[in-house]
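Participant: Structure supplied as target_31.cif; contents: mmCIF, C-alpha atoms (C1' of nucleotides).
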data_protein
loop_
_atom_site.group_PDB
_atom_site.id
_atom_site.type_symbol
_atom_site.label_atom_id
_atom_site.label_comp_id
_atom_site.auth_asym_id
_atom_site.auth_seq_id
_atom_site.Cartn_x
_atom_site.Cartn_y
_atom_site.Cartn_z
ATOM 1 C CA MET A 1062 -28.806 20.093 -54.310
ATOM 2 C CA ASN A 1063 -29.840 23.474 -55.706
ATOM 3 C CA ILE A 1064 -28.596 26.806 -54.474
ATOM 4 C CA GLY A 1065 -31.544 27.362 -52.144
ATOM 5 C CA GLU A 1066 -30.966 24.143 -50.269
ATOM 6 C CA ALA A 1067 -27.245 24.819 -50.211
ATOM 7 C CA ALA A 1068 -27.932 28.221 -48.714
ATOM 8 C CA GLU A 1069 -30.207 26.696 -46.117
ATOM 9 C CA ALA A 1070 -27.718 23.971 -45.263
ATOM 10 C CA SER A 1071 -24.672 26.230 -45.088
ATOM 11 C CA GLY A 1072 -26.150 29.374 -43.605
ATOM 12 C CA VAL A 1073 -24.808 31.435 -46.501
ATOM 13 C CA SER A 1074 -27.462 33.237 -48.544
ATOM 14 C CA ALA A 1075 -27.955 32.237 -52.181
ATOM 15 C CA LYS A 1076 -27.054 35.783 -53.102
ATOM 16 C CA MET A 1077 -23.718 35.508 -51.371
ATOM 17 C CA ILE A 1078 -22.998 32.041 -52.743
ATOM 18 C CA ARG A 1079 -23.274 33.465 -56.256
ATOM 19 C CA HIS A 1080 -21.135 36.388 -55.229
ATOM 20 C CA TYR A 1081 -18.443 34.174 -53.719
ATOM 21 C CA GLU A 1082 -18.394 32.173 -56.907
ATOM 22 C CA SER A 1083 -18.128 35.297 -59.042
ATOM 23 C CA ILE A 1084 -15.082 36.580 -57.172
ATOM 24 C CA GLY A 1085 -13.397 33.189 -57.243
ATOM 25 C CA LEU A 1086 -13.602 32.581 -53.521
ATOM 26 C CA ILE A 1087 -15.228 29.229 -54.158
ATOM 27 C CA PRO A 1088 -14.981 27.154 -57.334
ATOM 28 C CA LYS A 1089 -17.676 27.446 -59.975
ATOM 29 C CA ALA A 1090 -20.562 25.154 -59.177
ATOM 30 C CA SER A 1091 -21.494 22.529 -61.724
ATOM 31 C CA ARG A 1092 -24.758 23.124 -63.523
ATOM 32 C CA SER A 1093 -27.810 21.047 -64.295
ATOM 33 C CA LEU A 1094 -29.076 20.758 -67.877
ATOM 34 C CA SER A 1095 -31.260 23.783 -67.334
ATOM 35 C CA GLY A 1096 -28.423 25.850 -65.940
ATOM 36 C CA TYR A 1097 -29.175 25.547 -62.234
ATOM 37 C CA ARG A 1098 -26.150 25.417 -59.944
ATOM 38 C CA THR A 1099 -25.839 22.063 -58.178
ATOM 39 C CA TYR A 1100 -24.014 21.424 -54.925
ATOM 40 C CA GLN A 1101 -22.544 18.436 -53.115
ATOM 41 C CA GLU A 1102 -22.002 17.927 -49.426
ATOM 42 C CA SER A 1103 -18.392 19.004 -49.839
ATOM 43 C CA ASP A 1104 -19.503 22.364 -51.216
ATOM 44 C CA ILE A 1105 -21.676 22.910 -48.170
ATOM 45 C CA HIS A 1106 -18.638 22.175 -46.106
ATOM 46 C CA THR A 1107 -16.647 24.824 -47.943
ATOM 47 C CA LEU A 1108 -19.434 27.373 -47.554
ATOM 48 C CA GLY A 1109 -19.568 26.683 -43.856
ATOM 49 C CA PHE A 1110 -15.826 27.230 -43.699
ATOM 50 C CA VAL A 1111 -16.194 30.584 -45.401
ATOM 51 C CA ARG A 1112 -19.070 31.569 -43.159
ATOM 52 C CA ARG A 1113 -17.123 30.808 -40.008
ATOM 53 C CA ALA A 1114 -14.104 32.688 -41.295
ATOM 54 C CA ARG A 1115 -16.303 35.719 -42.051
ATOM 55 C CA ARG A 1116 -17.670 35.615 -38.558
ATOM 56 C CA LEU A 1117 -14.129 35.763 -37.248
ATOM 57 C CA GLY A 1118 -13.662 38.979 -39.184
ATOM 58 C CA PHE A 1119 -11.453 37.750 -42.000
ATOM 59 C CA SER A 1120 -11.608 39.708 -45.242
ATOM 60 C CA MET A 1121 -12.418 37.986 -48.502
ATOM 61 C CA LYS A 1122 -8.768 38.181 -49.420
ATOM 62 C CA GLU A 1123 -7.681 36.388 -46.276
ATOM 63 C CA ILE A 1124 -10.419 33.836 -46.662
ATOM 64 C CA LYS A 1125 -9.187 33.092 -50.145
ATOM 65 C CA LYS A 1126 -5.803 32.306 -48.631
ATOM 66 C CA LEU A 1127 -7.347 30.174 -45.916
ATOM 67 C CA VAL A 1128 -9.485 28.185 -48.310
ATOM 68 C CA GLY A 1129 -6.395 27.598 -50.424
ATOM 69 C CA LEU A 1130 -4.463 26.361 -47.418
ATOM 70 C CA TRP A 1131 -7.373 24.233 -46.345
ATOM 71 C CA ARG A 1132 -7.501 22.517 -49.709
ATOM 72 C CA ASN A 1133 -3.745 22.149 -49.950
ATOM 73 C CA LYS A 1134 -2.951 19.013 -48.020
ATOM 74 C CA ALA A 1135 0.767 19.839 -48.114
ATOM 75 C CA ARG A 1136 0.398 23.218 -46.379
ATOM 76 C CA LYS A 1137 2.527 24.131 -43.426
ATOM 77 C CA SER A 1138 0.560 24.896 -40.293
ATOM 78 C CA ALA A 1139 2.912 27.859 -39.829
ATOM 79 C CA ASP A 1140 1.429 29.458 -42.944
ATOM 80 C CA VAL A 1141 -2.063 29.127 -41.546
ATOM 81 C CA LYS A 1142 -0.978 30.500 -38.231
ATOM 82 C CA ALA A 1143 0.635 33.481 -39.928
ATOM 83 C CA VAL A 1144 -2.670 34.464 -41.532
ATOM 84 C CA VAL A 1145 -4.405 34.177 -38.194
ATOM 85 C CA ASP A 1146 -1.741 36.170 -36.392
ATOM 86 C CA VAL A 1147 -2.071 39.011 -38.865
ATOM 87 C CA GLN A 1148 -5.817 38.953 -38.346
ATOM 88 C CA ILE A 1149 -5.424 39.029 -34.580
ATOM 89 C CA GLU A 1150 -3.194 42.056 -34.879
ATOM 90 C CA SER A 1151 -5.626 43.814 -37.132
ATOM 91 C CA LEU A 1152 -8.452 43.105 -34.699
ATOM 92 C CA GLU A 1153 -6.333 44.442 -31.881
ATOM 93 C CA GLN A 1154 -5.653 47.602 -33.778
ATOM 94 C CA LYS A 1155 -9.327 48.145 -34.495
ATOM 95 C CA ILE A 1156 -10.190 47.512 -30.871
ATOM 96 C CA THR A 1157 -7.605 50.027 -29.755
ATOM 97 C CA GLU A 1158 -9.035 52.637 -32.099
ATOM 98 C CA LEU A 1159 -12.579 52.021 -30.953
ATOM 99 C CA GLU A 1160 -11.528 52.133 -27.315
ATOM 100 C CA ALA A 1161 -9.901 55.498 -27.894
ATOM 101 C CA MET A 1162 -13.046 56.837 -29.531
ATOM 102 C CA LYS A 1163 -15.136 55.514 -26.708
ATOM 103 C CA ALA A 1164 -12.927 57.056 -24.054
ATOM 104 C CA ALA A 1165 -13.019 60.423 -25.773
ATOM 105 C CA LEU A 1166 -16.796 60.292 -26.066
ATOM 106 C CA LYS A 1167 -17.212 59.209 -22.474
ATOM 107 C CA GLU A 1168 -15.148 62.134 -21.317
ATOM 108 C CA LEU A 1169 -17.216 64.546 -23.399
ATOM 109 C CA ALA A 1170 -20.465 62.997 -22.196
ATOM 110 C CA ARG A 1171 -19.314 63.112 -18.614
ATOM 111 C CA ARG A 1172 -18.897 66.854 -18.795
ATOM 112 C CA CYS A 1173 -22.279 67.475 -20.425
ATOM 113 C CA HIS A 1174 -25.172 68.311 -18.128
ATOM 114 C CA GLY A 1175 -27.645 66.603 -20.394
ATOM 115 C CA ASP A 1176 -30.537 68.829 -19.473
ATOM 116 C CA SER A 1177 -32.714 71.382 -21.225
ATOM 117 C CA ARG A 1178 -30.054 74.078 -21.391
ATOM 118 C CA PRO A 1179 -28.228 74.619 -24.661
ATOM 119 C CA ASP A 1180 -24.628 74.881 -23.539
ATOM 120 C CA CYS A 1181 -22.838 71.633 -24.160
ATOM 121 C CA PRO A 1182 -19.173 70.689 -23.796
ATOM 122 C CA ILE A 1183 -19.679 67.960 -26.381
ATOM 123 C CA LEU A 1184 -20.358 70.430 -29.143
ATOM 124 C CA GLU A 1185 -17.596 72.675 -27.876
ATOM 125 C CA GLY A 1186 -15.219 69.750 -27.949
ATOM 126 C CA LEU A 1187 -16.144 68.884 -31.498
ATOM 127 C CA ALA A 1188 -15.897 72.504 -32.553
ATOM 128 C CA THR A 1189 -12.308 73.018 -31.509
ATOM 129 C CA MET B 1309 -10.850 80.812 -50.239
ATOM 130 C CA ASN B 1310 -11.107 78.074 -52.857
ATOM 131 C CA ILE B 1311 -11.781 74.434 -52.123
ATOM 132 C CA GLY B 1312 -8.094 73.486 -52.121
ATOM 133 C CA GLU B 1313 -7.210 75.963 -49.447
ATOM 134 C CA ALA B 1314 -10.302 75.003 -47.492
ATOM 135 C CA ALA B 1315 -9.235 71.369 -47.689
ATOM 136 C CA GLU B 1316 -5.760 72.259 -46.502
ATOM 137 C CA ALA B 1317 -7.069 74.395 -43.669
ATOM 138 C CA SER B 1318 -9.700 71.942 -42.473
ATOM 139 C CA GLY B 1319 -7.951 68.650 -43.022
ATOM 140 C CA VAL B 1320 -10.869 67.395 -45.114
ATOM 141 C CA SER B 1321 -10.003 66.501 -48.699
ATOM 142 C CA ALA B 1322 -11.524 68.549 -51.514
ATOM 143 C CA LYS B 1323 -13.122 65.375 -52.731
ATOM 144 C CA MET B 1324 -14.876 64.844 -49.447
ATOM 145 C CA ILE B 1325 -15.909 68.481 -49.117
ATOM 146 C CA ARG B 1326 -17.780 68.167 -52.403
ATOM 147 C CA HIS B 1327 -19.242 64.896 -51.252
ATOM 148 C CA TYR B 1328 -20.423 66.329 -47.937
ATOM 149 C CA GLU B 1329 -22.049 69.151 -49.809
ATOM 150 C CA SER B 1330 -23.751 66.763 -52.220
ATOM 151 C CA ILE B 1331 -25.348 64.734 -49.434
ATOM 152 C CA GLY B 1332 -26.453 67.834 -47.581
ATOM 153 C CA LEU B 1333 -24.142 67.376 -44.627
ATOM 154 C CA ILE B 1334 -22.831 70.912 -45.072
ATOM 155 C CA PRO B 1335 -24.630 73.775 -46.823
ATOM 156 C CA LYS B 1336 -23.918 74.488 -50.469
ATOM 157 C CA ALA B 1337 -20.874 76.674 -50.825
ATOM 158 C CA SER B 1338 -21.281 79.995 -52.587
ATOM 159 C CA ARG B 1339 -19.653 80.229 -55.988
ATOM 160 C CA SER B 1340 -17.344 82.657 -57.715
ATOM 161 C CA LEU B 1341 -18.274 84.072 -61.126
ATOM 162 C CA SER B 1342 -16.473 81.204 -62.790
ATOM 163 C CA GLY B 1343 -18.239 78.627 -60.660
ATOM 164 C CA TYR B 1344 -15.504 77.885 -58.131
ATOM 165 C CA ARG B 1345 -16.715 77.127 -54.624
ATOM 166 C CA THR B 1346 -15.659 79.794 -52.131
ATOM 167 C CA TYR B 1347 -15.283 79.304 -48.385
ATOM 168 C CA GLN B 1348 -15.188 81.522 -45.306
ATOM 169 C CA GLU B 1349 -13.511 80.906 -42.006
ATOM 170 C CA SER B 1350 -16.816 79.695 -40.591
ATOM 171 C CA ASP B 1351 -17.004 76.970 -43.236
ATOM 172 C CA ILE B 1352 -13.569 75.740 -42.246
ATOM 173 C CA HIS B 1353 -14.855 75.578 -38.727
ATOM 174 C CA THR B 1354 -17.775 73.416 -39.797
ATOM 175 C CA LEU B 1355 -15.504 71.120 -41.786
ATOM 176 C CA GLY B 1356 -13.256 70.701 -38.758
ATOM 177 C CA PHE B 1357 -16.311 69.804 -36.715
ATOM 178 C CA VAL B 1358 -17.282 67.148 -39.204
ATOM 179 C CA ARG B 1359 -13.756 65.788 -39.328
ATOM 180 C CA ARG B 1360 -13.529 65.435 -35.588
ATOM 181 C CA ALA B 1361 -16.913 63.765 -35.441
ATOM 182 C CA ARG B 1362 -15.818 61.292 -38.120
ATOM 183 C CA ARG B 1363 -12.726 60.480 -36.140
ATOM 184 C CA LEU B 1364 -14.937 59.662 -33.181
ATOM 185 C CA GLY B 1365 -16.689 57.103 -35.318
ATOM 186 C CA PHE B 1366 -19.977 58.899 -35.939
ATOM 187 C CA SER B 1367 -21.846 57.976 -39.089
ATOM 188 C CA MET B 1368 -22.833 60.633 -41.595
ATOM 189 C CA LYS B 1369 -26.380 60.398 -40.314
ATOM 190 C CA GLU B 1370 -25.336 61.109 -36.761
ATOM 191 C CA ILE B 1371 -23.055 63.894 -37.868
ATOM 192 C CA LYS B 1372 -25.948 65.492 -39.687
ATOM 193 C CA LYS B 1373 -27.813 65.510 -36.386
ATOM 194 C CA LEU B 1374 -24.835 66.902 -34.512
ATOM 195 C CA VAL B 1375 -24.228 69.673 -37.016
ATOM 196 C CA GLY B 1376 -27.906 70.564 -36.771
ATOM 197 C CA LEU B 1377 -27.713 70.720 -32.996
ATOM 198 C CA TRP B 1378 -24.505 72.701 -33.173
ATOM 199 C CA ARG B 1379 -26.150 75.291 -35.360
ATOM 200 C CA ASN B 1380 -29.332 75.394 -33.345
ATOM 201 C CA LYS B 1381 -28.631 77.774 -30.495
ATOM 202 C CA ALA B 1382 -31.814 76.677 -28.747
ATOM 203 C CA ARG B 1383 -30.881 72.981 -28.591
ATOM 204 C CA LYS B 1384 -31.050 71.066 -25.357
ATOM 205 C CA SER B 1385 -27.758 69.608 -24.223
ATOM 206 C CA ALA B 1386 -29.711 66.443 -23.414
ATOM 207 C CA ASP B 1387 -30.359 65.951 -27.117
ATOM 208 C CA VAL B 1388 -26.674 66.170 -27.876
ATOM 209 C CA LYS B 1389 -25.850 63.793 -25.094
ATOM 210 C CA ALA B 1390 -28.401 61.304 -26.381
ATOM 211 C CA VAL B 1391 -26.638 61.128 -29.740
ATOM 212 C CA VAL B 1392 -23.332 60.579 -28.016
ATOM 213 C CA ASP B 1393 -24.723 57.912 -25.705
ATOM 214 C CA VAL B 1394 -26.072 55.957 -28.638
ATOM 215 C CA GLN B 1395 -22.690 56.187 -30.292
ATOM 216 C CA ILE B 1396 -20.922 54.985 -27.169
ATOM 217 C CA GLU B 1397 -23.218 51.995 -27.035
ATOM 218 C CA SER B 1398 -22.613 51.171 -30.645
ATOM 219 C CA LEU B 1399 -18.859 51.391 -30.104
ATOM 220 C CA GLU B 1400 -19.166 49.125 -27.108
ATOM 221 C CA GLN B 1401 -21.075 46.595 -29.117
ATOM 222 C CA LYS B 1402 -18.494 46.606 -31.868
ATOM 223 C CA ILE B 1403 -15.697 46.247 -29.358
ATOM 224 C CA THR B 1404 -17.435 43.288 -27.754
ATOM 225 C CA GLU B 1405 -17.783 41.602 -31.122
ATOM 226 C CA LEU B 1406 -14.163 42.188 -32.025
ATOM 227 C CA GLU B 1407 -13.023 40.935 -28.639
ATOM 228 C CA ALA B 1408 -14.987 37.748 -29.154
ATOM 229 C CA MET B 1409 -13.410 37.225 -32.552
ATOM 230 C CA LYS B 1410 -9.989 37.874 -31.142
ATOM 231 C CA ALA B 1411 -10.475 35.441 -28.284
ATOM 232 C CA ALA B 1412 -11.647 32.728 -30.664
ATOM 233 C CA LEU B 1413 -8.679 33.290 -32.939
ATOM 234 C CA LYS B 1414 -6.234 33.326 -30.067
ATOM 235 C CA GLU B 1415 -7.553 30.020 -28.863
ATOM 236 C CA LEU B 1416 -7.217 28.513 -32.318
ATOM 237 C CA ALA B 1417 -3.722 29.940 -32.754
ATOM 238 C CA ARG B 1418 -2.692 28.686 -29.363
ATOM 239 C CA ARG B 1419 -3.463 25.136 -30.333
ATOM 240 C CA CYS B 1420 -1.643 25.314 -33.673
ATOM 241 C CA HIS B 1421 1.969 24.152 -33.733
ATOM 242 C CA GLY B 1422 2.891 26.664 -36.394
ATOM 243 C CA ASP B 1423 5.577 24.523 -37.936
ATOM 244 C CA SER B 1424 6.164 22.788 -41.249
ATOM 245 C CA ARG B 1425 3.648 20.020 -40.646
ATOM 246 C CA PRO B 1426 0.263 20.272 -42.357
ATOM 247 C CA ASP B 1427 -2.085 19.389 -39.536
ATOM 248 C CA CYS B 1428 -3.603 22.482 -38.086
ATOM 249 C CA PRO B 1429 -6.345 22.954 -35.487
ATOM 250 C CA ILE B 1430 -7.131 26.344 -36.992
ATOM 251 C CA LEU B 1431 -8.342 24.836 -40.233
ATOM 252 C CA GLU B 1432 -10.102 22.088 -38.357
ATOM 253 C CA GLY B 1433 -11.829 24.672 -36.229
ATOM 254 C CA LEU B 1434 -12.981 26.606 -39.271
ATOM 255 C CA ALA B 1435 -14.102 23.420 -40.994
ATOM 256 C CA THR B 1436 -16.529 22.293 -38.320
ATOM 257 C "C1'" DA C 1412 -52.358 23.155 -68.129
ATOM 258 C "C1'" DT C 1413 -51.757 26.247 -64.627
ATOM 259 C "C1'" DT C 1414 -49.727 27.957 -60.586
ATOM 260 C "C1'" DG C 1415 -46.318 28.965 -57.310
ATOM 261 C "C1'" DA C 1416 -41.824 28.262 -55.809
ATOM 262 C "C1'" DC C 1417 -37.438 28.216 -57.401
ATOM 263 C "C1'" DC C 1418 -33.641 29.472 -60.397
ATOM 264 C "C1'" DT C 1419 -31.009 32.560 -63.797
ATOM 265 C "C1'" DT C 1420 -28.570 37.132 -64.950
ATOM 266 C "C1'" DC C 1421 -28.345 41.947 -64.510
ATOM 267 C "C1'" DC C 1422 -28.516 46.417 -62.351
ATOM 268 C "C1'" DC C 1423 -28.903 49.454 -58.178
ATOM 269 C "C1'" DA C 1424 -28.351 50.664 -53.270
ATOM 270 C "C1'" DC C 1425 -25.797 51.419 -48.972
ATOM 271 C "C1'" DC C 1426 -21.140 54.063 -46.614
ATOM 272 C "C1'" DG C 1427 -16.963 56.614 -46.987
ATOM 273 C "C1'" DT C 1428 -13.208 57.385 -49.662
ATOM 274 C "C1'" DG C 1429 -10.146 57.762 -53.541
ATOM 275 C "C1'" DG C 1430 -8.819 57.793 -58.643
ATOM 276 C "C1'" DG C 1431 -9.163 59.687 -62.936
ATOM 277 C "C1'" DA C 1432 -11.052 61.741 -67.405
ATOM 278 C "C1'" DG C 1433 -12.211 65.829 -69.985
ATOM 279 C "C1'" DA C 1434 -13.169 70.600 -69.869
ATOM 280 C "C1'" DC C 1435 -12.535 75.106 -68.026
ATOM 281 C "C1'" DT C 1436 -10.113 79.070 -65.058
ATOM 282 C "C1'" DT C 1437 -6.629 81.199 -62.685
ATOM 283 C "C1'" DT C 1438 -1.921 82.281 -61.768
ATOM 284 C "C1'" DA C 1439 2.964 82.635 -62.546
ATOM 285 C "C1'" DG C 1440 6.862 83.030 -65.333
ATOM 286 C "C1'" DA C 1441 9.316 84.111 -69.838
ATOM 287 C "C1'" DT D 41 1.189 89.133 -73.888
ATOM 288 C "C1'" DC D 42 1.412 84.424 -74.462
ATOM 289 C "C1'" DT D 43 2.010 79.933 -72.518
ATOM 290 C "C1'" DA D 44 2.392 76.397 -69.227
ATOM 291 C "C1'" DA D 45 1.180 74.707 -64.848
ATOM 292 C "C1'" DA D 46 -1.822 74.285 -61.233
ATOM 293 C "C1'" DG D 47 -6.365 74.479 -59.634
ATOM 294 C "C1'" DT D 48 -11.266 73.556 -60.183
ATOM 295 C "C1'" DC D 49 -15.492 71.852 -62.318
ATOM 296 C "C1'" DT D 50 -18.692 67.669 -63.130
ATOM 297 C "C1'" DC D 51 -18.929 62.827 -64.105
ATOM 298 C "C1'" DC D 52 -18.153 58.019 -63.718
ATOM 299 C "C1'" DC D 53 -15.812 53.951 -61.510
ATOM 300 C "C1'" DA D 54 -13.650 51.305 -57.773
ATOM 301 C "C1'" DC D 55 -13.292 49.093 -53.204
ATOM 302 C "C1'" DG D 56 -15.931 45.406 -49.453
ATOM 303 C "C1'" DG D 57 -19.811 42.941 -48.339
ATOM 304 C "C1'" DT D 58 -24.545 42.579 -48.475
ATOM 305 C "C1'" DG D 59 -29.255 43.072 -49.895
ATOM 306 C "C1'" DG D 60 -33.309 44.346 -53.076
ATOM 307 C "C1'" DG D 61 -35.588 43.729 -57.116
ATOM 308 C "C1'" DA D 62 -36.787 43.167 -62.189
ATOM 309 C "C1'" DA D 63 -37.349 40.202 -66.165
ATOM 310 C "C1'" DG D 64 -37.235 35.810 -67.701
ATOM 311 C "C1'" DG D 65 -36.647 30.440 -67.575
ATOM 312 C "C1'" DT D 66 -37.685 25.778 -64.927
ATOM 313 C "C1'" DC D 67 -39.564 22.487 -61.938
ATOM 314 C "C1'" DA D 68 -43.134 20.137 -59.159
ATOM 315 C "C1'" DA D 69 -47.641 19.583 -57.611
ATOM 316 C "C1'" DT D 70 -52.387 20.184 -58.383
#
Written as structure tokens, how would this file's structure read?

Facilitator:
Amino acid sequence: MNIGEAAEASGVSAKMIRHYESIGLIPKASRSLSGYRTYQESDIHTLGFVRRARRLGFSMKEIKKLVGLWRNKARKSADVKAVVDVQIESLEQKITELEAMKAALKELARRCHGDSRPDCPILEGLAT
Amino acid sequence: MNIGEAAEASGVSAKMIRHYESIGLIPKASRSLSGYRTYQESDIHTLGFVRRARRLGFSMKEIKKLVGLWRNKARKSADVKAVVDVQIESLEQKITELEAMKAALKELARRCHGDSRPDCPILEGLAT
DNA sequence: ATTGACCTTCCCACCGTGGGAGACTTTAGA
DNA sequence: TCTAAAGTCTCCCACGGTGGGAAGGTCAAT
């Protein structure tokens, strides 16, 4: 299987597959005589793993850990859970920040007439 | 006032002040004979505006709009409000995404023993 | 044999921020 | 007055994650 088919099958773009290889997130693909990367079913599986982890917001660094744990049949499930717990906390923190921004903006917007006049509590709020 | 003092006074790093100038977010600072940027109180005010907008999650592009509206005494408050409403929506969308990630992770974590055994529903979940 | 689709590597872009090098200017202290 | 330190200047590079595109090689079908 060439990189295009692998991309199709895994949902990870060819561009990103090369990138993941270059940063060591996935092992180097074997090559055909002409230098084309070739992939097996198991590689597609790994790419799918990475894709799902990305969609859950894990950073490359965390995904590297997770892939390592996944491959390591002697891992402790507690180690996996620890990575996930850290990620949950980091998501919670981001959510809290965004909620605070949203609340502040809502309050500013609430006080703004939103008509054709120029005076605007939003700008005043940002200015002070 | 040199850039260091302006940074101190505004809470925006000297590095970022230069950057904001380079992308046209703030006007070019006037220069001393030796080429040092010099700032007035009003510039500090603008930098504070930008800083507060950043902290509310606005992108540079949006901040450019807001600064323009701030400066334009003939603006309509409705235009300002429109920018803010778009930003609120984008925050809401991000929050929704993060909440979904968090819920998925919590569910995976809930099902994981988190002990010294290797079997782990988290990895299984990511693998399929 | 040609063509078109695919693959390769390499560089550049985004956004926002920080680090640092090498050169110059200003300020403070001896 | 001379020197050392601190401040500033312009550049380039890095991060994370993704995409665009150029220039060249390869494969399959016509």

Participant: Pick from A:Leu1130, A:Cys1181, A:Leu1117, A:Leu1086: nearest to Ala1408 of chain B, with only C-alpha atoms counted?

Facilitator: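 Closest candidate: A:Leu1117.
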
Participant: Which is closer to DG60 of chain D than all the others in A:Tyr1100, A:Arg1178, A:Lys1076, A:Glu1168, using all atoms listed in the file?

Facilitator: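 Using all atoms listed in the file, DG60 of chain D sits closest to A:Lys1076.
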
Participant: Sorted by chain and rising residue number, list the residues of chain B at most 6 Å from chain A (counting only C-alpha atoms), each with its closest atom pair and distance in Å to one decimal, as JSON lines.

Facilitator:
{"residue": "B:Phe1357", "atom": "CA", "partner": "A:Ala1188", "partner_atom": "CA", "distance": 5.0}
{"residue": "B:Arg1360", "atom": "CA", "partner": "A:Leu1187", "partner_atom": "CA", "distance": 6.0}
{"residue": "B:Leu1364", "atom": "CA", "partner": "A:Met1162", "partner_atom": "CA", "distance": 5.0}
{"residue": "B:Ala1382", "atom": "CA", "partner": "A:Pro1179", "partner_atom": "CA", "distance": 5.8}
{"residue": "B:Arg1383", "atom": "CA", "partner": "A:Pro1179", "partner_atom": "CA", "distance": 5.0}
{"residue": "B:Lys1384", "atom": "CA", "partner": "A:Ser1177", "partner_atom": "CA", "distance": 4.5}
{"residue": "B:Ser1385", "atom": "CA", "partner": "A:Gly1175", "partner_atom": "CA", "distance": 4.9}
{"residue": "B:Ala1386", "atom": "CA", "partner": "A:Gly1175", "partner_atom": "CA", "distance": 3.7}
{"residue": "B:Lys1389", "atom": "CA", "partner": "A:Gly1175", "partner_atom": "CA", "distance": 5.8}
{"residue": "B:Ile1396", "atom": "CA", "partner": "A:Lys1163", "partner_atom": "CA", "distance": 5.8}
{"residue": "B:Ile1403", "atom": "CA", "partner": "A:Ile1156", "partner_atom": "CA", "distance": 5.8}
{"residue": "B:Met1409", "atom": "CA", "partner": "A:Leu1117", "partner_atom": "CA", "distance": 5.0}
{"residue": "B:Lys1410", "atom": "CA", "partner": "A:Ile1149", "partner_atom": "CA", "distance": 5.8}
{"residue": "B:Gly1422", "atom": "CA", "partner": "A:Ala1139", "partner_atom": "CA", "distance": 3.6}
{"residue": "B:Asp1423", "atom": "CA", "partner": "A:Ala1139", "partner_atom": "CA", "distance": 4.7}
{"residue": "B:Ser1424", "atom": "CA", "partner": "A:Lys1137", "partner_atom": "CA", "distance": 4.4}
{"residue": "B:Arg1425", "atom": "CA", "partner": "A:Lys1137", "partner_atom": "CA", "distance": 5.1}
{"residue": "B:Pro1426", "atom": "CA", "partner": "A:Lys1137", "partner_atom": "CA", "distance": 4.6}
{"residue": "B:Cys1428", "atom": "CA", "partner": "A:Ser1138", "partner_atom": "CA", "distance": 5.3}
{"residue": "B:Leu1434", "atom": "CA", "partner": "A:Phe1110", "partner_atom": "CA", "distance": 5.3}
{"residue": "B:Ala1435", "atom": "CA", "partner": "A:Phe1110", "partner_atom": "CA", "distance": 5.0}

Participant: For atom C1' of DG56 of chain D and atom C1' of DC1425 of chain C, quote the distance in Å rounded to one decimal.

Facilitator: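 Separation between atom C1' of DG56 of chain D and atom C1' of DC1425 of chain C: 11.6 Å.
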
Participant: What are the residues of chain B lining chain C at 10 Å or less? Count all atoms listed in the file, and put the answer as a ChimeraX atom specification.

Facilitator: /B:1321,1323-1324,1327,1342-1344,1367-1368

Participant: Pull out every residue that the PyMOL selection byres ((chain B) within 12 of (chain D)) matches in the shown coordinates and put them as a PyMOL selection string.

Facilitator: chain B and resi 1310-1313+1322-1323+1326+1339-1340+1342-1346

Participant: In Å to one decimal, how far is atom CA of Val1147 of chain A from atom CA of Glu1082 of chain A?

Facilitator: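 Atom CA of Val1147 of chain A lies at a distance of 25.3 Å from atom CA of Glu1082 of chain A.
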
Participant: Quick one: distance from atom CA of Ile1334 of chain B to atom CA of Val1320 of chain B in Å, one decimal?

Facilitator: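 The value is 12.5 Å.
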
Participant: Atoms are missing here; could segment 1148-1154 of chain A be completed with N, CA, C and O atoms and written as a CSV table (one decimal), keeping the file's coordinate frame?

Facilitator:
chain,number,residue,atom,x,y,z
A,1148,GLN,N,-4.4,38.6,-38.6
A,1148,GLN,CA,-5.8,39.0,-38.3
A,1148,GLN,C,-6.0,39.4,-36.9
A,1148,GLN,O,-6.7,40.3,-36.6
A,1149,ILE,N,-5.3,38.7,-36.0
A,1149,ILE,CA,-5.4,39.0,-34.6
A,1149,ILE,C,-4.9,40.4,-34.4
A,1149,ILE,O,-5.5,41.3,-33.7
A,1150,GLU,N,-3.8,40.7,-35.0
A,1150,GLU,CA,-3.2,42.1,-34.9
A,1150,GLU,C,-4.1,43.1,-35.4
A,1150,GLU,O,-4.3,44.2,-34.8
A,1151,SER,N,-4.7,42.8,-36.5
A,1151,SER,CA,-5.6,43.8,-37.1
A,1151,SER,C,-6.9,44.0,-36.3
A,1151,SER,O,-7.3,45.2,-36.1
A,1152,LEU,N,-7.3,43.0,-35.6
A,1152,LEU,CA,-8.5,43.1,-34.7
A,1152,LEU,C,-8.0,43.9,-33.5
A,1152,LEU,O,-8.7,44.8,-33.0
A,1153,GLU,N,-6.8,43.7,-33.0
A,1153,GLU,CA,-6.3,44.4,-31.9
A,1153,GLU,C,-6.2,45.9,-32.2
A,1153,GLU,O,-6.6,46.8,-31.4
A,1154,GLN,N,-5.8,46.2,-33.4
A,1154,GLN,CA,-5.7,47.6,-33.8
A,1154,GLN,C,-7.0,48.3,-33.8
A,1154,GLN,O,-7.2,49.4,-33.3
